[in-house]
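Below: one structure, written as structure tokens.
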Amino acid sequence: MNTDVTNRIAELRGRLGLGVVAVVGAGLSLSARYPSSAGLTALLWDALDTDPTARQALAAELGKPDAPAKRLMGDDFAHWDAAWRTVESSAPARRRFQQEMANLDRPRSAQPSAAHEALATLIHVGVIECVVSLNWDTALESAYRRQYGADIPTGILFKPHGDAARPEQPWMLPHLPGTLTPALEDRIRRLVADHPRTLLIVGYSERDRVVVDQLIAPLDQGWRVCRIGPEARGTDDIAGPADSVLPALASDVRQQEAASAWYSVPFTGKRDIGAALAGERLGPADVDACPRLMEVDLLVDALRRRHSVVLNGDSGCGKSITAYQALHDLLQDGYEVLRLRDDARRRGVGQWMTDLAHYPHRKALLVDDAQDLSPDLIRELAETATQDQLVLIVAVDHVGGGVTTYRISDPAAVGTLARAMRERAHDILTPGPRAGRLRRRPDRGRTAARPPGRSSQGGLGLAVLLHTHRWLATYRTGRARPARP
């Protein structure tokens with residue numbers, strides 16, 4: 001990156017304080033292996049061939065005999081608009097094209113992309129307040145979810161030209177002049193009425209007449225405008241690809257996030273039940289595999305109503321996985337889950353709250369292993385809780401500190417987990433033919449192995465049973481019951 005580009009990025013970074021509206025086009029996604037408009041030709045051919053009747057009409061319009069679309073139009077862009085009009089008017093052709101784009105998007109959006117992840121960082125910290133994406137792909141949404149677990153908050157991302165996540169809805173095809181939705185227009189009106197921002201245009205050719213005339217041109221009259229792209233040449237523009245400029249622009253924010261007392265829990269990793277069977281410490285990657293306990297619903301309900309909750313229980317009783325399963329439910333409600341870093345405990349609540357400035361959206365805070373914190377500190381943290389900032393504190397000892405507290409006890413857990421394991425034993429624990437089965441001894445609340453026999457039911461091998469018993473011993477939990485503060 002040359003000195004001029006570096007200086008321009010530094011100048012732009014200094015102007016982000018007013019807030020940013022970003023308009024992004026195909027140039028944002030090229031480095032993530034998405035095709036440009038010109039690269040869609042093969043998909044266009046295939047869509048036309050899906051509806052031979054429509055293709056015949058196109059051939060007649062072009063004054064040619066009907067033929068497969070590749071021979072009919074090839075790469076002749078003089079036929080481009082006529083071909084796209086045909087796709088637009090043919091339900092089978094449109095459906096085929098949009099589904100193919102959705103299929104292409106699925107694996108590509110799952111891969112890391114420097115440009116999208118940097119843009120997601122700027123959205124997350126609140127620098128970018130509105131994104132107008134003229135792309136169909138979901139790479140930005142996926143990048144945000146990978147880094148922060150939650151979806152992009154409502155009211156920030158607008159996709160007026162269509163969405164690969166919704167291939168069944170009509171999209172704005174390349175031959176059309178573009179469009180703005182009423183919701184987007186309303187959002188822009190409110191931002192303009194509030195105060196001027198910076199308009200950031202990334203990887204966009206500005207060929208859509210409606211978008212240029214009704215969005216970009218009016219904002220350009222009073223806002224500072226910066227374009228990012230290899231051909232950008234304006235006074236405030238930055239000439240460079242999005243996948244190098246945007247990460248440089250977001251570098252300071254990323255450093256602040258890395259130094260923060262809080263860590264966004266993305267819930268992206270997935271482990272099977274093996275980790276629990278091996279007696280390993282359970283975490284976010286285990287929320288789907290581990291049996292869901294009734295305590296999860298109790299915690300979710302308490303957090304929604306009271307906003308701050310302490311969860312107590314003996315060591316190894318399943319507090320952490322119960323907490324993560326509850327927080328995963330809240331994630332679906334739009335809460336970002338933040339965990340206090342171990343090395344941040346000595347900084348104190350004041351610094352914890354200061355660092356939350358990097359996480360301005362709806363959030364749920366988790367402090368695990370909080371038995372080393374004083375009751376006063378617990379109370380001080382709990383008193384910061386609101387409807388948009390939930391607080392869940394997990395500890396071995398009673399550390400309620402005047403906060404609503406639930407305690408997990410042991411006895412009922414073994415029965416719950418043994419029943420779940422018995423129901424799932426064949427599909428999860430036994431890869432081969434069954435030679436026996438698990439049965440629970442209700443009077444003792446534990447599992448026992450039925451020795452291999454001649455039963456047609458089959459069963460579990462001894463090693464697996466030992467692992468199961470170890471799991472039931474280390475991952476014990478029971479009914480959560482309210483405890484007095």
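Naming works like this for the structure tokens: A, B, ... for the chains as they're shown, residue 1 at the start of each chain, ligands 1 onward in shown order.
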
12 Å contact set for His175 in chain A, only C-alpha atoms, chain neighbours under 6 positions out, as a compact mmCIF listing (two decimals) with all heavy atoms, in the first residue's frame:
```
# COMPACT_ATOMS: atom_id res chain seq x y z
N SER A 37 -20.98 -8.60 -12.85
CA SER A 37 -22.15 -8.72 -13.74
C SER A 37 -21.77 -9.40 -15.05
O SER A 37 -22.50 -10.25 -15.57
CB SER A 37 -22.75 -7.33 -14.01
OG SER A 37 -23.28 -6.78 -12.83
N ALA A 38 -20.60 -9.05 -15.59
CA ALA A 38 -20.16 -9.65 -16.84
C ALA A 38 -19.87 -11.14 -16.68
O ALA A 38 -19.90 -11.89 -17.66
CB ALA A 38 -18.92 -8.93 -17.36
N PHE A 77 -22.73 -8.77 -25.95
CA PHE A 77 -23.45 -7.93 -24.99
C PHE A 77 -24.48 -7.03 -25.66
O PHE A 77 -25.25 -6.36 -24.97
CB PHE A 77 -22.46 -7.13 -24.15
CG PHE A 77 -21.75 -7.98 -23.13
CD1 PHE A 77 -20.50 -8.51 -23.41
CD2 PHE A 77 -22.35 -8.27 -21.92
CE1 PHE A 77 -19.85 -9.31 -22.48
CE2 PHE A 77 -21.71 -9.07 -20.99
CZ PHE A 77 -20.47 -9.59 -21.26
N ALA A 78 -24.52 -7.03 -26.99
CA ALA A 78 -25.60 -6.32 -27.68
C ALA A 78 -26.93 -7.01 -27.42
O ALA A 78 -28.00 -6.39 -27.53
CB ALA A 78 -25.31 -6.27 -29.18
N HIS A 79 -26.88 -8.31 -27.06
CA HIS A 79 -28.10 -9.07 -26.78
C HIS A 79 -28.39 -9.17 -25.28
O HIS A 79 -29.34 -9.83 -24.87
CB HIS A 79 -27.97 -10.49 -27.35
CG HIS A 79 -27.68 -10.54 -28.81
ND1 HIS A 79 -28.15 -9.61 -29.70
CD2 HIS A 79 -26.94 -11.43 -29.56
CE1 HIS A 79 -27.73 -9.90 -30.93
NE2 HIS A 79 -26.99 -11.00 -30.86
N TRP A 80 -27.56 -8.51 -24.48
CA TRP A 80 -27.62 -8.65 -23.02
C TRP A 80 -28.98 -8.25 -22.46
O TRP A 80 -29.64 -9.02 -21.75
CB TRP A 80 -26.51 -7.79 -22.43
CG TRP A 80 -26.34 -7.81 -20.95
CD1 TRP A 80 -26.89 -6.94 -20.07
CD2 TRP A 80 -25.54 -8.71 -20.18
NE1 TRP A 80 -26.49 -7.22 -18.79
CE2 TRP A 80 -25.65 -8.31 -18.84
CE3 TRP A 80 -24.73 -9.79 -20.49
CZ2 TRP A 80 -25.00 -8.96 -17.78
CZ3 TRP A 80 -24.08 -10.44 -19.45
CH2 TRP A 80 -24.21 -10.04 -18.13
N ASP A 81 -29.42 -7.04 -22.78
CA ASP A 81 -30.68 -6.55 -22.20
C ASP A 81 -31.85 -7.41 -22.63
O ASP A 81 -32.75 -7.69 -21.81
CB ASP A 81 -30.91 -5.09 -22.60
CG ASP A 81 -30.06 -4.12 -21.80
OD1 ASP A 81 -29.31 -4.58 -20.91
OD2 ASP A 81 -30.13 -2.90 -22.06
N ALA A 82 -31.90 -7.81 -23.89
CA ALA A 82 -33.00 -8.64 -24.37
C ALA A 82 -33.03 -9.97 -23.64
O ALA A 82 -34.11 -10.48 -23.26
CB ALA A 82 -32.88 -8.87 -25.89
N ALA A 83 -31.85 -10.55 -23.38
CA ALA A 83 -31.78 -11.83 -22.68
C ALA A 83 -32.26 -11.68 -21.23
O ALA A 83 -33.03 -12.52 -20.73
CB ALA A 83 -30.35 -12.36 -22.71
N TRP A 84 -31.83 -10.62 -20.57
CA TRP A 84 -32.28 -10.43 -19.18
C TRP A 84 -33.77 -10.11 -19.10
O TRP A 84 -34.45 -10.51 -18.14
CB TRP A 84 -31.46 -9.33 -18.50
CG TRP A 84 -30.09 -9.78 -18.06
CD1 TRP A 84 -28.89 -9.33 -18.51
CD2 TRP A 84 -29.80 -10.78 -17.08
NE1 TRP A 84 -27.86 -9.98 -17.88
CE2 TRP A 84 -28.39 -10.88 -16.99
CE3 TRP A 84 -30.58 -11.61 -16.28
CZ2 TRP A 84 -27.75 -11.76 -16.14
CZ3 TRP A 84 -29.94 -12.49 -15.41
CH2 TRP A 84 -28.56 -12.57 -15.35
N ARG A 85 -34.29 -9.39 -20.09
CA ARG A 85 -35.73 -9.14 -20.11
C ARG A 85 -36.50 -10.45 -20.23
O ARG A 85 -37.56 -10.65 -19.63
CB ARG A 85 -36.11 -8.21 -21.26
CG ARG A 85 -35.76 -6.75 -21.03
CD ARG A 85 -36.50 -5.83 -22.00
NE ARG A 85 -36.23 -6.18 -23.40
CZ ARG A 85 -35.24 -5.66 -24.10
NH1 ARG A 85 -34.39 -4.79 -23.53
NH2 ARG A 85 -35.06 -6.01 -25.37
N THR A 86 -35.94 -11.38 -21.00
CA THR A 86 -36.57 -12.68 -21.16
C THR A 86 -36.58 -13.44 -19.83
O THR A 86 -37.59 -14.04 -19.44
CB THR A 86 -35.84 -13.50 -22.23
OG1 THR A 86 -35.85 -12.78 -23.47
CG2 THR A 86 -36.48 -14.87 -22.42
N VAL A 87 -35.45 -13.41 -19.13
CA VAL A 87 -35.39 -14.06 -17.82
C VAL A 87 -36.38 -13.41 -16.86
O VAL A 87 -37.07 -14.09 -16.08
CB VAL A 87 -33.96 -14.00 -17.25
CG1 VAL A 87 -33.92 -14.49 -15.81
CG2 VAL A 87 -33.01 -14.82 -18.13
N GLU A 88 -36.45 -12.09 -16.91
CA GLU A 88 -37.37 -11.38 -16.01
C GLU A 88 -38.82 -11.78 -16.23
O GLU A 88 -39.59 -11.93 -15.27
CB GLU A 88 -37.21 -9.87 -16.25
CG GLU A 88 -38.12 -9.02 -15.38
CD GLU A 88 -38.10 -7.56 -15.78
OE1 GLU A 88 -37.61 -7.24 -16.89
OE2 GLU A 88 -38.59 -6.73 -14.98
N HIS A 161 -31.93 -4.70 -4.05
CA HIS A 161 -31.86 -5.42 -5.33
C HIS A 161 -32.06 -6.93 -5.18
O HIS A 161 -32.00 -7.65 -6.17
CB HIS A 161 -30.53 -5.12 -6.02
CG HIS A 161 -30.47 -3.74 -6.60
ND1 HIS A 161 -29.42 -3.29 -7.36
CD2 HIS A 161 -31.35 -2.71 -6.52
CE1 HIS A 161 -29.65 -2.03 -7.72
NE2 HIS A 161 -30.81 -1.67 -7.22
N ARG A 207 -23.91 2.68 -11.94
CA ARG A 207 -24.62 2.60 -13.22
C ARG A 207 -26.12 2.45 -13.06
O ARG A 207 -26.85 2.50 -14.07
CB ARG A 207 -24.08 1.42 -14.03
CG ARG A 207 -22.62 1.58 -14.46
CD ARG A 207 -22.10 0.35 -15.14
NE ARG A 207 -20.69 0.48 -15.49
CZ ARG A 207 -19.93 -0.53 -15.90
NH1 ARG A 207 -20.45 -1.74 -16.05
NH2 ARG A 207 -18.66 -0.32 -16.19
N ASP A 208 -26.59 2.27 -11.85
CA ASP A 208 -28.03 2.14 -11.63
C ASP A 208 -28.64 3.54 -11.50
O ASP A 208 -28.40 4.25 -10.51
CB ASP A 208 -28.31 1.33 -10.36
CG ASP A 208 -27.72 -0.08 -10.45
OD1 ASP A 208 -28.07 -0.80 -11.39
OD2 ASP A 208 -26.91 -0.43 -9.56
N ARG A 209 -29.43 3.94 -12.48
CA ARG A 209 -29.91 5.32 -12.55
C ARG A 209 -30.69 5.73 -11.30
O ARG A 209 -30.49 6.82 -10.75
CB ARG A 209 -30.78 5.49 -13.80
CG ARG A 209 -31.15 6.96 -14.06
CD ARG A 209 -32.05 7.11 -15.26
NE ARG A 209 -33.37 6.52 -15.03
CZ ARG A 209 -33.79 5.37 -15.57
NH1 ARG A 209 -32.96 4.68 -16.36
NH2 ARG A 209 -34.99 4.90 -15.32
```

Near Arg339 in chain A, counting only C-alpha atoms, which residues have an atom at most 8 Å away, once you skip same-chain residues fewer than 6 positions from it, shown as a PDB file with N, CA and C atoms, in the first residue's frame?
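Contents of the output file part_38.pdb:
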```pdb
ATOM      1  N   TRP A 262     -14.094  -7.716  27.146  1.00  0.00           N
ATOM      2  CA  TRP A 262     -15.147  -8.618  26.699  1.00  0.00           C
ATOM      3  C   TRP A 262     -14.786  -9.303  25.392  1.00  0.00           C
ATOM      4  N   TYR A 263     -15.336 -10.483  25.236  1.00  0.00           N
ATOM      5  CA  TYR A 263     -15.100 -11.291  24.031  1.00  0.00           C
ATOM      6  C   TYR A 263     -16.457 -11.711  23.473  1.00  0.00           C
ATOM      7  N   SER A 264     -16.678 -11.456  22.196  1.00  0.00           N
ATOM      8  CA  SER A 264     -17.923 -11.887  21.550  1.00  0.00           C
ATOM      9  C   SER A 264     -17.911 -13.402  21.374  1.00  0.00           C
ATOM     10  N   VAL A 265     -18.942 -14.058  21.859  1.00  0.00           N
ATOM     11  CA  VAL A 265     -19.058 -15.517  21.734  1.00  0.00           C
ATOM     12  C   VAL A 265     -19.824 -15.812  20.451  1.00  0.00           C
ATOM     13  N   LEU A 365     -24.364 -10.217  28.854  1.00  0.00           N
ATOM     14  CA  LEU A 365     -23.027 -10.361  29.424  1.00  0.00           C
ATOM     15  C   LEU A 365     -22.950 -11.631  30.255  1.00  0.00           C
ATOM     16  N   LEU A 366     -21.849 -12.367  30.111  1.00  0.00           N
ATOM     17  CA  LEU A 366     -21.611 -13.583  30.883  1.00  0.00           C
ATOM     18  C   LEU A 366     -20.321 -13.437  31.676  1.00  0.00           C
ATOM     19  N   VAL A 367     -20.412 -13.646  33.004  1.00  0.00           N
ATOM     20  CA  VAL A 367     -19.230 -13.745  33.861  1.00  0.00           C
ATOM     21  C   VAL A 367     -19.260 -15.146  34.462  1.00  0.00           C
ATOM     22  N   ASP A 368     -18.395 -16.029  33.978  1.00  0.00           N
ATOM     23  CA  ASP A 368     -18.347 -17.408  34.461  1.00  0.00           C
ATOM     24  C   ASP A 368     -17.271 -17.522  35.552  1.00  0.00           C
TER      25      ASP A 368
END
```

As a count of residues only, please: every residue in range 181-214 of chain A that a backbone DSSP assignment puts in strand (DSSP E).
5

Between A:Arg13, A:Tyr144, A:Gly27, A:Ala91, which residue has the minimum interatomic distance to Thr50 in chain A, considering only C-alpha atoms?
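Using only C-alpha atoms, the shortest distance to Thr50 in chain A belongs to A:Ala91.
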
Minimum-distance residue to Gln256 in chain A, chosen among A:Ser133, A:Ser320, A:Thr386, A:Thr354 (using only C-alpha atoms)
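The shortest atom-to-atom distance to Gln256 in chain A comes from A:Thr354.
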
As an exercise, work out the distance from CA of Ala164 in chain A to CA of Thr138 in chain A in Å and give it to one decimal place.
6.4 Å

A:Gly313, A:Pro247, A:Pro230, A:Gly222: which is nearest Glu117 in chain A, counting only C-alpha atoms?
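Among A:Gly313, A:Pro247, A:Pro230, A:Gly222, it is A:Pro247 that comes nearest to Glu117 in chain A.
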
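Picture a line from CA of Thr154 in chain A to CA of Gln332 in chain A; it runs 12.9 Å.
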
re CA of Ala382 in chain A and CA of His361 in chain A: distance 18.2 Å

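In terms of minimum interatomic distance to Ala217 in chain A, A:Leu199 ranks closest within A:Leu199, A:Leu43, A:His358, A:Asn103, counting only C-alpha atoms.
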
Find the residues near His328 in chain A: any atom within 10 Å, counting only C-alpha atoms, skip ones fewer than 5 places away on the same chain, and give them as JSON, numbers by chain.
{"A": [149, 150, 265, 266, 267, 284, 287, 288, 296, 300, 322, 323, 333, 335, 336, 337]}

Output file for the residues above (N, CA and C atoms, as an mmCIF file, in the first residue's frame):
```
data_model
loop_
_atom_site.group_PDB
_atom_site.id
_atom_site.type_symbol
_atom_site.label_atom_id
_atom_site.label_comp_id
_atom_site.auth_asym_id
_atom_site.auth_seq_id
_atom_site.Cartn_x
_atom_site.Cartn_y
_atom_site.Cartn_z
ATOM 1 N N GLY A 149 -21.433 -13.583 16.364
ATOM 2 C CA GLY A 149 -22.464 -14.535 16.743
ATOM 3 C C GLY A 149 -23.863 -14.133 16.337
ATOM 4 N N ALA A 150 -24.209 -12.871 16.489
ATOM 5 C CA ALA A 150 -25.559 -12.388 16.211
ATOM 6 C C ALA A 150 -25.689 -11.945 14.755
ATOM 7 N N VAL A 265 -18.942 -14.058 21.859
ATOM 8 C CA VAL A 265 -19.058 -15.517 21.734
ATOM 9 C C VAL A 265 -19.824 -15.812 20.451
ATOM 10 N N PRO A 266 -19.158 -16.317 19.404
ATOM 11 C CA PRO A 266 -19.829 -16.471 18.106
ATOM 12 C C PRO A 266 -20.670 -17.725 17.958
ATOM 13 N N PHE A 267 -20.470 -18.735 18.832
ATOM 14 C CA PHE A 267 -21.204 -19.999 18.734
ATOM 15 C C PHE A 267 -21.024 -20.647 17.356
ATOM 16 N N PRO A 284 -19.523 -23.089 24.357
ATOM 17 C CA PRO A 284 -20.432 -22.712 23.282
ATOM 18 C C PRO A 284 -20.550 -23.753 22.169
ATOM 19 N N VAL A 287 -23.494 -26.574 22.714
ATOM 20 C CA VAL A 287 -24.882 -26.260 23.055
ATOM 21 C C VAL A 287 -25.880 -27.125 22.292
ATOM 22 N N ASP A 288 -25.547 -27.531 21.089
ATOM 23 C CA ASP A 288 -26.482 -28.352 20.305
ATOM 24 C C ASP A 288 -26.386 -29.830 20.681
ATOM 25 N N VAL A 296 -32.551 -24.426 31.441
ATOM 26 C CA VAL A 296 -32.279 -23.456 30.382
ATOM 27 C C VAL A 296 -33.456 -22.494 30.242
ATOM 28 N N VAL A 300 -33.592 -18.366 30.848
ATOM 29 C CA VAL A 300 -34.003 -17.443 29.781
ATOM 30 C C VAL A 300 -35.158 -16.567 30.261
ATOM 31 N N THR A 322 -25.348 -25.028 30.855
ATOM 32 C CA THR A 322 -26.696 -24.512 31.025
ATOM 33 C C THR A 322 -26.740 -23.026 30.695
ATOM 34 N N ALA A 323 -25.736 -22.289 31.166
ATOM 35 C CA ALA A 323 -25.662 -20.855 30.873
ATOM 36 C C ALA A 323 -25.522 -20.607 29.377
ATOM 37 N N ASP A 333 -32.828 -14.050 19.782
ATOM 38 C CA ASP A 333 -33.657 -12.853 19.980
ATOM 39 C C ASP A 333 -32.920 -11.573 19.605
ATOM 40 N N TYR A 335 -29.701 -10.767 20.818
ATOM 41 C CA TYR A 335 -28.683 -10.368 21.787
ATOM 42 C C TYR A 335 -27.323 -10.906 21.374
ATOM 43 N N GLU A 336 -26.329 -10.029 21.330
ATOM 44 C CA GLU A 336 -24.945 -10.478 21.171
ATOM 45 C C GLU A 336 -24.454 -10.973 22.530
ATOM 46 N N VAL A 337 -23.785 -12.105 22.550
ATOM 47 C CA VAL A 337 -23.318 -12.690 23.809
ATOM 48 C C VAL A 337 -21.858 -12.301 24.024
#
```

Hey, what's within 6 Å of range 44-49 of chain A if we count only C-alpha atoms and toss same-chain stuff fewer than 4 positions away? As a PyMOL selection string, please?
chain A and resi 55+69-70+93+96-97

Would you mind exporting N, CA, C and O atoms of the selected residues as an mmCIF file, in the first residue's frame?
```cif
data_model
loop_
_atom_site.group_PDB
_atom_site.id
_atom_site.type_symbol
_atom_site.label_atom_id
_atom_site.label_comp_id
_atom_site.auth_asym_id
_atom_site.auth_seq_id
_atom_site.Cartn_x
_atom_site.Cartn_y
_atom_site.Cartn_z
ATOM 1 N N ARG A 55 -37.069 -18.895 -24.601
ATOM 2 C CA ARG A 55 -35.859 -18.767 -25.415
ATOM 3 C C ARG A 55 -36.224 -18.625 -26.893
ATOM 4 O O ARG A 55 -35.571 -17.872 -27.636
ATOM 5 N N ALA A 69 -28.888 -21.410 -25.588
ATOM 6 C CA ALA A 69 -28.598 -20.002 -25.339
ATOM 7 C C ALA A 69 -27.138 -19.642 -25.582
ATOM 8 O O ALA A 69 -26.837 -18.532 -26.028
ATOM 9 N N LYS A 70 -26.236 -20.561 -25.327
ATOM 10 C CA LYS A 70 -24.824 -20.240 -25.548
ATOM 11 C C LYS A 70 -24.560 -19.948 -27.014
ATOM 12 O O LYS A 70 -23.820 -19.012 -27.359
ATOM 13 N N ALA A 93 -37.289 -19.386 -15.794
ATOM 14 C CA ALA A 93 -35.928 -18.898 -16.016
ATOM 15 C C ALA A 93 -35.459 -18.047 -14.840
ATOM 16 O O ALA A 93 -34.319 -18.180 -14.360
ATOM 17 N N ARG A 96 -34.772 -20.305 -11.859
ATOM 18 C CA ARG A 96 -33.529 -21.047 -12.044
ATOM 19 C C ARG A 96 -32.316 -20.156 -11.773
ATOM 20 O O ARG A 96 -31.381 -20.550 -11.052
ATOM 21 N N PHE A 97 -32.311 -18.949 -12.322
ATOM 22 C CA PHE A 97 -31.162 -18.064 -12.140
ATOM 23 C C PHE A 97 -30.977 -17.712 -10.671
ATOM 24 O O PHE A 97 -29.862 -17.786 -10.126
#
```

DSSP on the backbone, alpha helix (DSSP H) only: what residues of range 195-297 of chain A does that give? Format it as number ranges by chain.
A: 209-211, 217-220, 242-249, 251-259, 274-277, 294-297
